[in-house]
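Data file: run_22.txt. Format and content: compact mmCIF, C-alpha atoms.
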# COMPACT_ATOMS: atom_id res chain seq x y z
CA MET A 1219 -2.88 16.95 22.59
CA GLU A 1220 -4.14 13.82 20.84
CA ARG A 1221 -2.28 14.89 17.70
CA GLN A 1222 1.06 14.90 19.52
CA LEU A 1223 0.17 11.55 21.10
CA LEU A 1224 -0.70 10.04 17.73
CA LEU A 1225 2.48 11.41 16.18
CA LEU A 1226 4.50 9.97 19.06
CA LEU A 1227 2.76 6.59 18.72
CA THR A 1228 3.42 6.57 14.97
CA LEU A 1229 7.12 7.30 15.43
CA LEU A 1230 7.40 4.72 18.22
CA ALA A 1231 5.72 2.01 16.11
CA LEU A 1232 7.97 2.86 13.19
CA LEU A 1233 11.21 2.83 15.19
CA LEU A 1234 10.29 -0.31 17.15
CA GLY A 1235 9.13 -2.28 14.08
CA CYS A 1236 12.09 -1.29 11.90
CA GLY A 1237 14.57 -1.75 14.75
CA LEU A 1238 13.36 -5.26 15.60
CA ALA A 1239 13.12 -6.25 11.92
CA ILE A 1240 16.72 -5.17 11.27
CA THR A 1241 18.47 -6.28 14.47
CA ARG A 1242 16.34 -9.35 15.34
CA PRO A 1243 17.69 -9.61 18.88
CA ALA A 1244 16.38 -13.17 19.36
CA LEU A 1245 18.37 -14.55 16.41
CA TYR A 1246 20.68 -17.48 17.19
CA ARG A 1247 24.38 -16.67 17.44
CA ILE A 1248 26.96 -19.36 16.73
CA GLY A 1249 28.25 -20.65 20.05
CA GLN A 1250 24.93 -20.06 21.79
CA GLU A 1251 23.30 -23.02 23.56
CA GLY A 1252 21.02 -25.11 21.33
CA THR A 1253 20.49 -24.90 17.58
CA PRO A 1254 19.34 -22.16 15.22
CA ARG A 1255 15.90 -22.00 13.67
CA ALA A 1256 15.82 -23.11 10.07
CA ARG A 1257 13.22 -23.28 7.31
CA GLY A 1258 13.23 -26.48 5.26
CA ALA A 1259 13.48 -30.21 5.95
CA VAL A 1260 16.41 -29.95 8.34
CA ALA A 1261 17.56 -32.13 11.23
CA PHE A 1262 20.53 -31.00 13.30
CA ARG A 1263 23.11 -33.66 14.14
CA GLY A 1264 24.00 -32.24 17.53
CA ARG A 1265 23.74 -29.07 19.59
CA THR A 1266 25.98 -26.41 21.05
CA VAL A 1267 26.89 -27.04 24.68
CA GLY A 1268 29.24 -24.74 26.56
CA GLY A 1269 30.09 -22.80 23.42
CA ARG A 1270 31.21 -25.88 21.46
CA TRP A 1271 29.33 -27.97 18.94
CA GLN A 1272 28.63 -31.46 20.30
CA PRO A 1273 27.69 -34.01 17.60
CA VAL A 1274 25.12 -36.62 18.46
CA ALA A 1275 26.01 -40.16 17.46
CA GLY A 1276 23.42 -42.26 15.70
CA GLN A 1277 22.19 -43.21 12.27
CA ARG A 1278 19.73 -40.88 10.66
CA THR A 1279 16.71 -42.50 9.03
CA TRP A 1280 16.42 -41.54 5.40
CA GLY A 1281 12.81 -40.80 4.47
CA GLY A 1282 13.21 -41.31 0.73
CA PHE A 1283 10.93 -39.70 -1.84
CA GLN A 1284 8.39 -37.44 -0.12
CA GLY A 1285 6.39 -36.11 -3.09
CA ARG A 1286 2.94 -35.03 -2.03
CA GLY A 1287 1.15 -34.85 -5.35
CA PRO A 1288 -0.33 -31.82 -7.08
CA SER A 1289 -1.49 -30.03 -3.93
CA GLY A 1290 -1.11 -26.53 -5.25
CA ALA A 1291 -1.25 -27.14 -8.97
CA LYS A 1292 -5.00 -27.12 -9.43
CA MET B 938 -37.04 33.43 2.29
CA ALA B 939 -34.43 35.96 1.33
CA SER B 940 -33.18 34.09 -1.72
CA GLY B 941 -36.59 34.06 -3.33
CA GLN B 942 -36.28 37.61 -4.67
CA GLU B 943 -32.65 37.45 -5.68
CA PRO B 944 -31.53 36.38 -9.13
CA ALA B 945 -29.44 33.23 -8.80
CA ASP B 946 -26.08 32.80 -10.44
CA GLN B 947 -26.53 30.30 -13.24
CA VAL B 948 -22.98 29.11 -13.12
CA SER B 949 -20.51 28.84 -10.29
CA PRO B 950 -19.16 32.25 -9.30
CA PRO B 951 -15.44 32.91 -9.66
CA GLN B 952 -13.52 31.16 -6.94
CA GLU B 953 -10.51 32.15 -4.89
CA ILE B 954 -7.87 29.86 -3.46
CA SER B 955 -7.56 29.27 0.27
CA GLY B 956 -4.62 31.01 1.91
CA ALA B 957 -1.86 30.05 4.32
CA ALA B 958 -4.09 30.63 7.36
CA ASP B 959 -6.34 27.72 6.29
CA LEU B 960 -3.47 25.35 5.47
CA VAL B 961 -1.80 22.90 7.84
CA ARG B 962 0.98 21.29 5.89
CA TRP B 963 3.13 19.43 8.41
CA PRO B 964 0.99 16.21 8.32
CA LEU B 965 2.00 15.90 4.66
CA LEU B 966 5.45 14.86 5.85
CA THR B 967 3.94 11.98 7.85
CA LEU B 968 2.91 10.40 4.54
CA LEU B 969 6.57 9.49 4.11
CA LEU B 970 6.69 7.48 7.36
CA PRO B 971 5.04 4.25 6.05
CA LEU B 972 7.60 4.27 3.24
CA VAL B 973 10.51 3.93 5.67
CA PRO B 974 10.05 0.16 6.35
CA LEU B 975 9.56 -0.43 2.63
CA LEU B 976 12.78 1.47 1.86
CA VAL B 977 14.64 -0.62 4.47
CA LEU B 978 13.29 -3.77 2.79
CA LEU B 979 14.28 -2.46 -0.64
CA ALA B 980 17.79 -1.65 0.60
CA ALA B 981 18.15 -5.10 2.18
CA VAL B 982 17.13 -6.98 -0.96
CA SER B 983 19.19 -4.72 -3.23
CA LEU B 984 22.54 -5.32 -1.54
CA PRO B 985 24.78 -7.87 -3.28
CA ARG B 986 24.86 -11.50 -2.17
CA GLN B 987 27.57 -14.13 -2.34
CA ARG B 988 26.60 -16.94 -4.73
CA GLN B 989 28.32 -20.15 -5.69
CA LEU B 990 27.46 -23.54 -7.11
CA LEU B 991 28.55 -26.79 -5.47
CA VAL B 992 28.79 -29.98 -7.52
CA LEU B 993 28.36 -33.11 -5.39
CA ASP B 994 29.93 -36.19 -6.96
CA GLY B 995 28.92 -38.59 -4.20
CA GLN B 996 32.48 -39.73 -3.58
CA ARG B 997 33.69 -37.17 -1.10
CA PRO B 998 32.17 -34.05 0.49
CA ALA B 999 32.35 -30.82 -1.51
CA VAL B 1000 33.78 -27.84 0.33
CA SER B 1001 32.51 -24.41 -0.68
CA ARG B 1002 34.69 -21.43 -1.35
CA PRO B 1003 35.02 -19.30 1.79
CA PHE B 1004 32.15 -16.87 2.27
CA ARG B 1005 32.02 -13.98 4.68
CA LEU B 1006 29.47 -14.04 7.49
CA ARG B 1007 29.16 -10.57 8.92
CA ASP B 1008 26.86 -9.13 11.57
CA GLY B 1009 26.53 -5.58 10.21
CA TRP B 1010 24.29 -2.58 10.88
CA LEU B 1011 21.70 -3.66 8.30
CA GLY B 1012 20.38 -7.15 8.80
CA SER B 1013 21.91 -10.49 9.70
CA PRO B 1014 23.34 -13.39 7.71
CA GLU B 1015 21.14 -15.95 5.98
CA ILE B 1016 22.49 -19.08 4.31
CA ARG B 1017 20.34 -20.59 1.55
CA LEU B 1018 21.01 -24.02 0.08
CA ARG B 1019 18.92 -25.21 -2.86
CA ALA B 1020 19.45 -28.50 -4.63
CA GLU B 1021 18.79 -28.48 -8.39
CA LEU B 1022 16.86 -31.75 -8.42
CA PRO B 1023 15.70 -33.46 -11.63
CA PRO B 1024 11.95 -34.29 -11.76
CA ASN B 1025 10.70 -37.12 -9.51
CA THR B 1026 13.82 -37.48 -7.39
CA ALA B 1027 14.80 -37.07 -3.76
CA MET B 1028 18.07 -36.42 -1.99
CA ALA B 1029 19.64 -36.16 1.45
CA LEU B 1030 22.61 -33.94 2.25
CA ALA B 1031 24.91 -33.88 5.25
CA VAL B 1032 26.15 -30.33 5.84
CA ASP B 1033 28.84 -28.99 8.19
CA LEU B 1034 29.42 -25.27 8.82
CA ILE B 1035 33.06 -24.48 9.49
CA ASP B 1036 34.15 -21.22 11.16
CA PRO B 1037 37.26 -19.12 10.34
CA ALA B 1038 39.30 -21.14 12.89
CA GLY B 1039 38.49 -24.37 11.05
CA GLN B 1040 36.15 -25.61 13.81
CA THR B 1041 32.86 -27.29 12.96
CA VAL B 1042 30.21 -25.13 14.57
CA LEU B 1043 27.04 -26.62 13.11
CA GLN B 1044 26.04 -29.96 11.54
CA PHE B 1045 22.73 -30.83 9.98
CA ASP B 1046 21.01 -33.07 7.46
CA GLN B 1047 18.83 -31.65 4.75
CA GLU B 1048 16.29 -33.65 2.77
CA GLY B 1049 14.58 -32.61 -0.41
CA TRP B 1050 12.34 -33.85 -3.21
CA ARG B 1051 10.82 -32.76 -6.50
CA GLU B 1052 7.74 -34.20 -8.16
CA GLN B 1053 6.42 -33.50 -11.62
CA GLY B 1054 3.29 -34.94 -13.17
CA ILE B 1055 -0.16 -34.46 -14.63
CA TRP B 1056 -3.32 -34.24 -12.57
CA GLN B 1057 -6.84 -35.09 -13.72
CA GLU B 1058 -10.05 -34.33 -11.91
CA ASP B 1059 -13.67 -33.81 -13.01
CA GLY B 1060 -12.72 -33.82 -16.65
CA GLU B 1061 -10.00 -31.19 -16.19
CA SER B 1062 -6.30 -31.77 -16.26
CA GLY B 1063 -3.04 -29.90 -15.95
CA SER B 1064 0.58 -30.31 -15.06
CA TYR B 1065 2.30 -29.71 -11.76
CA ASP B 1066 5.90 -29.36 -10.63
CA GLU B 1067 6.35 -29.20 -6.88
CA SER B 1068 9.44 -29.41 -4.76
CA ASP B 1069 10.80 -28.93 -1.29
CA ALA B 1070 14.54 -28.73 -1.69
CA GLU B 1071 15.50 -25.40 -0.13
CA LEU B 1072 17.00 -24.63 3.26
CA ARG B 1073 17.15 -21.19 4.87
CA LEU B 1074 19.37 -20.88 7.89
CA GLN B 1075 19.43 -17.57 9.75
CA LEU B 1076 22.13 -16.99 12.36
CA ARG B 1077 24.80 -14.62 13.53
CA PRO B 1078 28.48 -15.53 13.46
CA ARG B 1079 30.40 -15.75 16.71
CA GLN B 1080 32.96 -13.54 15.01
CA GLY B 1081 32.81 -12.11 11.52
CA GLY B 1082 35.01 -13.82 8.99
CA ASP B 1083 35.32 -16.40 6.25
CA HIS B 1084 33.22 -19.49 6.87
CA SER B 1085 32.71 -22.46 4.60
CA LEU B 1086 30.26 -25.31 4.13
CA GLN B 1087 31.16 -28.95 3.72
CA VAL B 1088 28.36 -30.72 1.87
CA ALA B 1089 28.13 -34.47 1.34
CA LEU B 1090 25.54 -36.26 -0.79
CA ASP B 1091 24.11 -38.94 1.51
CA ALA B 1092 21.37 -40.19 -0.77
CA PHE B 1093 20.06 -39.48 -4.24
CA SER B 1094 17.23 -41.59 -5.59
CA ASP B 1095 14.24 -41.63 -7.91
CA ALA B 1096 10.58 -41.78 -6.85
CA ALA B 1097 10.74 -45.58 -6.50
CA GLY B 1098 13.76 -45.37 -4.20
CA ARG B 1099 16.30 -46.59 -6.79
CA PRO B 1100 19.70 -44.89 -6.37
CA LEU B 1101 20.60 -42.39 -9.07
CA PRO B 1102 24.11 -41.60 -10.27
CA PRO B 1103 25.68 -38.27 -9.18
CA PRO B 1104 26.43 -35.46 -9.75
CA LEU B 1105 23.90 -33.22 -8.02
CA ARG B 1106 24.28 -29.47 -8.18
CA VAL B 1107 23.51 -27.36 -5.13
CA SER B 1108 23.34 -23.56 -5.23
CA LEU B 1109 24.60 -21.67 -2.18
CA VAL B 1110 23.55 -18.08 -1.53
CA VAL B 1111 24.85 -16.12 1.47
CA ASP B 1112 23.06 -12.87 2.29
CA ASN B 1113 24.58 -10.79 5.08
CA HIS B 1114 21.68 -8.32 5.09
CA SER B 1115 18.59 -10.42 5.65
CA VAL B 1116 15.81 -8.69 7.60
CA ASP B 1117 12.46 -9.76 8.99
CA ARG B 1118 10.34 -8.99 5.92
CA GLY B 1119 7.02 -9.82 7.57
CA LEU B 1120 7.67 -7.47 10.47
CA LEU B 1121 8.69 -4.68 8.06
CA LEU B 1122 5.45 -5.09 6.08
CA ILE B 1123 3.40 -5.15 9.30
CA THR B 1124 5.25 -2.03 10.48
CA ALA B 1125 4.46 -0.26 7.20
CA ALA B 1126 0.76 -1.20 7.54
CA VAL B 1127 0.54 -0.15 11.21
CA THR B 1128 2.36 3.12 10.50
CA ALA B 1129 0.02 3.85 7.58
CA LEU B 1130 -2.97 3.23 9.85
CA LEU B 1131 -1.61 5.54 12.56
CA VAL B 1132 -0.85 8.24 9.96
CA ARG B 1133 -4.42 7.90 8.73
CA LEU B 1134 -5.68 8.40 12.30
CA LEU B 1135 -3.40 11.40 12.65
CA TRP B 1136 -4.85 12.90 9.47
CA VAL B 1137 -8.37 12.35 10.77
CA GLY B 1138 -7.29 14.06 14.01
CA VAL B 1139 -5.87 17.07 12.14
CA TYR B 1140 -8.18 17.53 9.16
CA GLY B 1141 -11.34 15.98 10.57
CA ASP B 1142 -11.26 18.00 13.77
CA CYS B 1143 -13.42 21.11 13.47
CA ARG B 1144 -15.22 23.55 15.78
CA GLN B 1145 -18.64 22.42 14.73
CA ARG B 1146 -20.13 19.66 12.62
CA ARG B 1147 -23.80 19.49 11.85
CA ARG B 1148 -25.64 17.04 9.65
CA LEU B 1149 -29.26 17.35 8.61
CA ARG B 1150 -31.11 14.82 6.49
CA VAL B 1151 -34.72 15.46 5.52
CA ASP B 1152 -37.22 13.50 3.44
CA ASP B 1153 -38.05 16.56 1.42
CA ASP B 1154 -36.74 18.48 -1.56
CA VAL B 1155 -35.46 21.34 0.63
CA ALA B 1156 -33.02 21.23 3.53
CA ALA B 1157 -32.39 24.38 5.54
CA LEU B 1158 -30.32 25.14 8.62
CA ARG B 1159 -29.54 28.22 10.68
CA LEU B 1160 -26.16 28.07 12.35
CA GLU B 1161 -23.58 30.28 13.99
CA LEU B 1162 -20.59 29.89 11.69
CA GLY B 1163 -17.29 31.64 11.06
CA GLY B 1164 -13.89 32.30 12.55
CA PRO B 1165 -10.47 30.85 11.80
CA GLY B 1166 -10.46 28.17 9.11
CA LEU B 1167 -12.98 27.44 6.39
CA VAL B 1168 -16.60 26.33 6.30
CA ARG B 1169 -17.16 23.11 4.37
CA LEU B 1170 -20.64 22.64 3.00
CA GLN B 1171 -21.65 19.34 1.48
CA VAL B 1172 -25.01 18.60 -0.11
CA LEU B 1173 -25.99 15.02 -0.87
CA GLY B 1174 -29.23 13.93 -2.46
CA ARG B 1175 -30.60 10.44 -3.10
CA TYR B 1176 -33.15 9.58 -5.73
CA GLU B 1177 -35.03 6.30 -6.03
CA GLU B 1178 -37.69 4.74 -8.18
CA PRO B 1179 -41.19 5.22 -6.75
CA ASP B 1180 -43.13 2.25 -5.35
CA VAL B 1181 -45.66 2.69 -8.15
CA PRO B 1182 -43.86 3.59 -11.36
CA PRO B 1183 -45.62 5.89 -13.83
CA ARG B 1184 -47.29 4.48 -16.89
CA ARG B 1185 -44.94 6.23 -19.27
CA PRO B 1186 -41.61 6.60 -17.49
CA ALA B 1187 -38.92 8.74 -19.10
CA PRO B 1188 -35.20 8.04 -18.79
CA PRO B 1189 -33.60 9.82 -15.81
CA PRO B 1190 -31.70 13.00 -16.73
CA ARG B 1191 -27.90 13.06 -16.74
CA ARG B 1192 -27.74 16.21 -14.63
CA VAL B 1193 -29.93 17.85 -12.03
CA GLN B 1194 -29.97 21.40 -10.74
CA LEU B 1195 -29.03 22.11 -7.14
CA GLU B 1196 -30.12 25.45 -5.77
CA LEU B 1197 -27.95 26.67 -2.94
CA ALA B 1198 -28.61 29.81 -0.93
CA ILE B 1199 -26.89 31.39 2.07
CA ALA B 1200 -28.29 34.40 3.90
CA ASP B 1201 -27.14 36.26 6.99
CA ALA B 1202 -29.15 36.99 10.15
CA TRP B 1203 -30.85 40.01 8.47
CA GLY B 1204 -31.86 38.09 5.40
CA ALA B 1205 -29.14 39.56 3.17
CA VAL B 1206 -28.15 37.08 0.51
CA LEU B 1207 -24.50 36.06 0.74
CA LEU B 1208 -24.69 33.35 -1.93
CA HIS B 1209 -27.38 32.17 -4.30
CA GLU B 1210 -26.48 29.85 -7.12
CA ARG B 1211 -27.85 27.07 -9.25
CA LEU B 1212 -25.45 24.27 -10.03
CA GLU B 1213 -25.87 21.64 -12.72
CA LEU B 1214 -24.61 18.44 -11.11
CA PRO B 1215 -24.22 14.96 -12.57
CA LEU B 1216 -26.70 12.31 -11.42
CA ARG B 1217 -24.73 9.17 -10.58
CA ARG B 1218 -26.42 5.81 -10.84
CA CYS B 1219 -25.56 3.31 -8.07
CA SER B 1220 -26.71 -0.26 -7.74
CA ASP B 1221 -26.55 -3.10 -5.28
CA ASP B 1222 -27.69 -6.71 -5.72
CA ASP B 1223 -31.26 -6.04 -6.74
CA ASP B 1224 -31.57 -2.39 -5.81
CA HIS B 1225 -30.51 0.75 -7.59
CA TRP B 1226 -30.62 4.45 -6.85
CA TRP B 1227 -29.12 7.77 -7.95
CA LEU B 1228 -26.91 10.17 -6.01
CA VAL B 1229 -26.09 13.80 -6.54
CA SER B 1230 -23.46 15.56 -4.45
CA SER B 1231 -21.68 18.88 -4.17
CA SER B 1232 -19.00 20.07 -1.77
CA ARG B 1233 -17.91 23.69 -1.36
CA TYR B 1234 -15.61 25.67 0.87
CA LEU B 1235 -16.62 29.08 2.20
CA ARG B 1236 -14.83 31.66 4.29
CA LEU B 1237 -16.59 33.56 7.07
CA SER B 1238 -13.91 35.51 8.90
CA GLN B 1239 -16.22 36.57 11.77
CA PRO B 1240 -18.69 34.37 13.63
CA THR B 1241 -22.11 35.15 12.31
CA SER B 1242 -25.55 33.59 12.13
CA VAL B 1243 -26.30 32.28 8.65
CA ARG B 1244 -29.12 30.37 7.04
CA LEU B 1245 -28.18 27.61 4.62
CA ARG B 1246 -30.72 26.28 2.17
CA ALA B 1247 -30.33 23.59 -0.47
CA SER B 1248 -33.03 22.28 -2.76
CA LEU B 1249 -33.21 19.67 -5.49
CA PRO B 1250 -35.94 19.08 -8.12
CA ASP B 1251 -38.49 16.39 -7.40
CA PRO B 1252 -39.69 14.28 -9.16
CA LEU B 1253 -37.53 13.64 -12.22
CA ALA B 1254 -38.23 11.95 -15.53
CA ALA B 1255 -42.00 12.44 -15.40
CA GLY B 1256 -42.26 10.68 -12.04
CA ALA B 1257 -39.96 7.79 -12.84
CA VAL B 1258 -37.40 8.97 -10.26
CA GLU B 1259 -38.24 10.53 -6.91
CA LEU B 1260 -36.10 12.33 -4.37
CA GLU B 1261 -35.73 10.11 -1.28
CA TRP B 1262 -33.84 12.55 0.92
CA ILE B 1263 -31.50 15.50 0.87
CA GLN B 1264 -28.65 15.91 3.32
CA LEU B 1265 -26.70 18.98 4.43
CA LEU B 1266 -23.35 18.51 6.14
CA VAL B 1267 -21.73 21.64 7.55
CA GLU B 1268 -18.26 21.72 9.13
CA ASP B 1269 -16.84 24.92 10.58
CA GLY B 1270 -13.17 25.69 11.28
CA VAL B 1271 -11.82 23.30 8.65
CA VAL B 1272 -8.13 23.32 7.69
CA THR B 1273 -6.77 21.57 4.63
CA ALA B 1274 -3.44 20.03 3.55
CA TRP B 1275 -3.39 21.82 0.20
CA PRO B 1276 -5.04 24.94 -1.23
CA VAL B 1277 -8.71 24.50 -2.11
CA ALA B 1278 -11.10 26.62 -4.13
CA VAL B 1279 -13.17 28.88 -1.88
CA THR B 1280 -16.53 30.17 -3.08
CA PRO B 1281 -16.62 33.92 -2.33
CA LEU B 1282 -19.65 35.34 -0.54
CA ARG B 1283 -21.30 38.65 -1.30
CA LYS B 1284 -20.78 41.42 1.21
CA PRO B 1285 -23.98 42.15 3.15
CA GLY B 1286 -25.67 45.36 2.08

Could I get this file's structure written as structure tokens?
Amino acid sequence: MERQLLLLLTLLALLLGCGLAITRPALYRIGQEGTPRARGAVAFRGRTVGGRWQPVAGQRTWGGFQGRGPSGAK
Amino acid sequence: MASGQEPADQVSPPQEISGAADLVRWPLLTLLLPLVPLLVLLAAVSLPRQRQLLVLDGQRPAVSRPFRLRDGWLGSPEIRLRAELPPNTAMALAVDLIDPAGQTVLQFDQEGWREQGIWQEDGESGSYDESDAELRLQLRPRQGGDHSLQVALDAFSDAAGRPLPPPLRVSLVVDNHSVDRGLLLITAAVTALLVRLLWVGVYGDCRQRRRLRVDDDVAALRLELGGPGLVRLQVLGRYEEPDVPPRRPAPPPRRVQLELAIADAWGAVLLHERLELPLRRCSDDDDHWWLVSSSRYLRLSQPTSVRLRASLPDPLAAGAVELEWIQLLVEDGVVTAWPVAVTPLRKPG
């Protein structure tokens, strides 16, 4: 009995993990409210409202050189 | 003891191979399951990507060649922008994403820097080259089709903030099959763990398991064993140095002799053999000891009462090494994934 349960659990974990990793249902779709998630030094200049991109007026402040020194070199 | 009068086999008797009745092979297929997420990951990273190089001259925005964003059956689109910055510089980009209808659907600013230098600390030194000039944007298109990026160079300066002359090259990579790599690796690990538990449930589950450890040179057990499956018999012995070492200690031998005997309820000897086994030296921080082990499979087709006896020599090396304990582990009704050598037993009478 526990063998069948373990086999079922294994298959469920496999299908769920692979399915979510491939489809990523929470991923932003263009036209969706808000902005997507991004990796990197990114600032969005607006947001999607009612299916259309709405730019936000205003001057962005330029941070200049942001070097942090040899943090990972040593 | 029945084995006392019987001549012991000096070497291991001829062995037979376990048959289909003792084999359970279907769990072997489950070993493939943890590979599935890794194969998905391999497929996702192996599929071709769209690459192009944008040259920003600082005068007007550069528009990329159209690239296809597609929400397919394997993965989702990922846009990667990486500026090829010279050492000790920084930049700011203004990026617009334009859909197949020519509408701007996303606008963002991206900043980046690169620093190169030499570090010195506690008399040591080395060079470093660090940067943060990459953007990864993961999204789905509203409708699949040719999109493009409009990229403008807002700022480009050195470490002191002095403006630098263009051009700046930016590489654009569009991958329509990006997947959640972390989740795939976690899935592979969790699946491997569950398969391991399944194997323990299949191959570690037996009718009877008995363990006996004695501080003596002989361990003996009488048990009711036999029936479907095999009997697994494991003998483990541990030797240590005595509290008071002898005056003239000899080096420990490389091999020791294990005497193993099995007799039935009437004293008839089913197996009596002497095995020369290697003595393995083990050590911890400031402790060391020696182990000797042997594992055998037996077949008893009918349940029967048997007496198992294992003995090891004590002491060794003229008293320099003493037997600490001897352990007998007996498992009945064992099945295996692949054929194993089975030690045949003599027929009673």

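Atom pair CA of Ser955 (chain B) / CA of Leu1282 (chain B): separated by 13.6 Å.
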
*Expected answer as a PyMOL selection string: all residues with atoms within 12 Å of (-1.8, 17.0, 20.3), all atoms listed in the file*: (chain A and resi 1219-1227) or (chain B and resi 1135-1136+1138-1139+1142)

*Write out as JSON, numbers by chain every residue belonging to chain A that has an atom at most 6 Å from any atom of chain B, counting all atoms listed in the file.*
{"A": [1224, 1228, 1235, 1239, 1240, 1246, 1247, 1248, 1256, 1257, 1258, 1259, 1260, 1261, 1262, 1263, 1271, 1283, 1285, 1288, 1291]}

Same residues, C-alpha atoms, saved as a PDB file, in the frame of the given file:
ATOM      1  CA  LEU A1224      -0.700  10.040  17.730  1.00  0.00           C
ATOM      2  CA  THR A1228       3.420   6.570  14.970  1.00  0.00           C
ATOM      3  CA  GLY A1235       9.130  -2.280  14.080  1.00  0.00           C
ATOM      4  CA  ALA A1239      13.120  -6.250  11.920  1.00  0.00           C
ATOM      5  CA  ILE A1240      16.720  -5.170  11.270  1.00  0.00           C
ATOM      6  CA  TYR A1246      20.680 -17.480  17.190  1.00  0.00           C
ATOM      7  CA  ARG A1247      24.380 -16.670  17.440  1.00  0.00           C
ATOM      8  CA  ILE A1248      26.960 -19.360  16.730  1.00  0.00           C
ATOM      9  CA  ALA A1256      15.820 -23.110  10.070  1.00  0.00           C
ATOM     10  CA  ARG A1257      13.220 -23.280   7.310  1.00  0.00           C
ATOM     11  CA  GLY A1258      13.230 -26.480   5.260  1.00  0.00           C
ATOM     12  CA  ALA A1259      13.480 -30.210   5.950  1.00  0.00           C
ATOM     13  CA  VAL A1260      16.410 -29.950   8.340  1.00  0.00           C
ATOM     14  CA  ALA A1261      17.560 -32.130  11.230  1.00  0.00           C
ATOM     15  CA  PHE A1262      20.530 -31.000  13.300  1.00  0.00           C
ATOM     16  CA  ARG A1263      23.110 -33.660  14.140  1.00  0.00           C
ATOM     17  CA  TRP A1271      29.330 -27.970  18.940  1.00  0.00           C
ATOM     18  CA  PHE A1283      10.930 -39.700  -1.840  1.00  0.00           C
ATOM     19  CA  GLY A1285       6.390 -36.110  -3.090  1.00  0.00           C
ATOM     20  CA  PRO A1288      -0.330 -31.820  -7.080  1.00  0.00           C
ATOM     21  CA  ALA A1291      -1.250 -27.140  -8.970  1.00  0.00           C
TER      22      ALA A1291
END
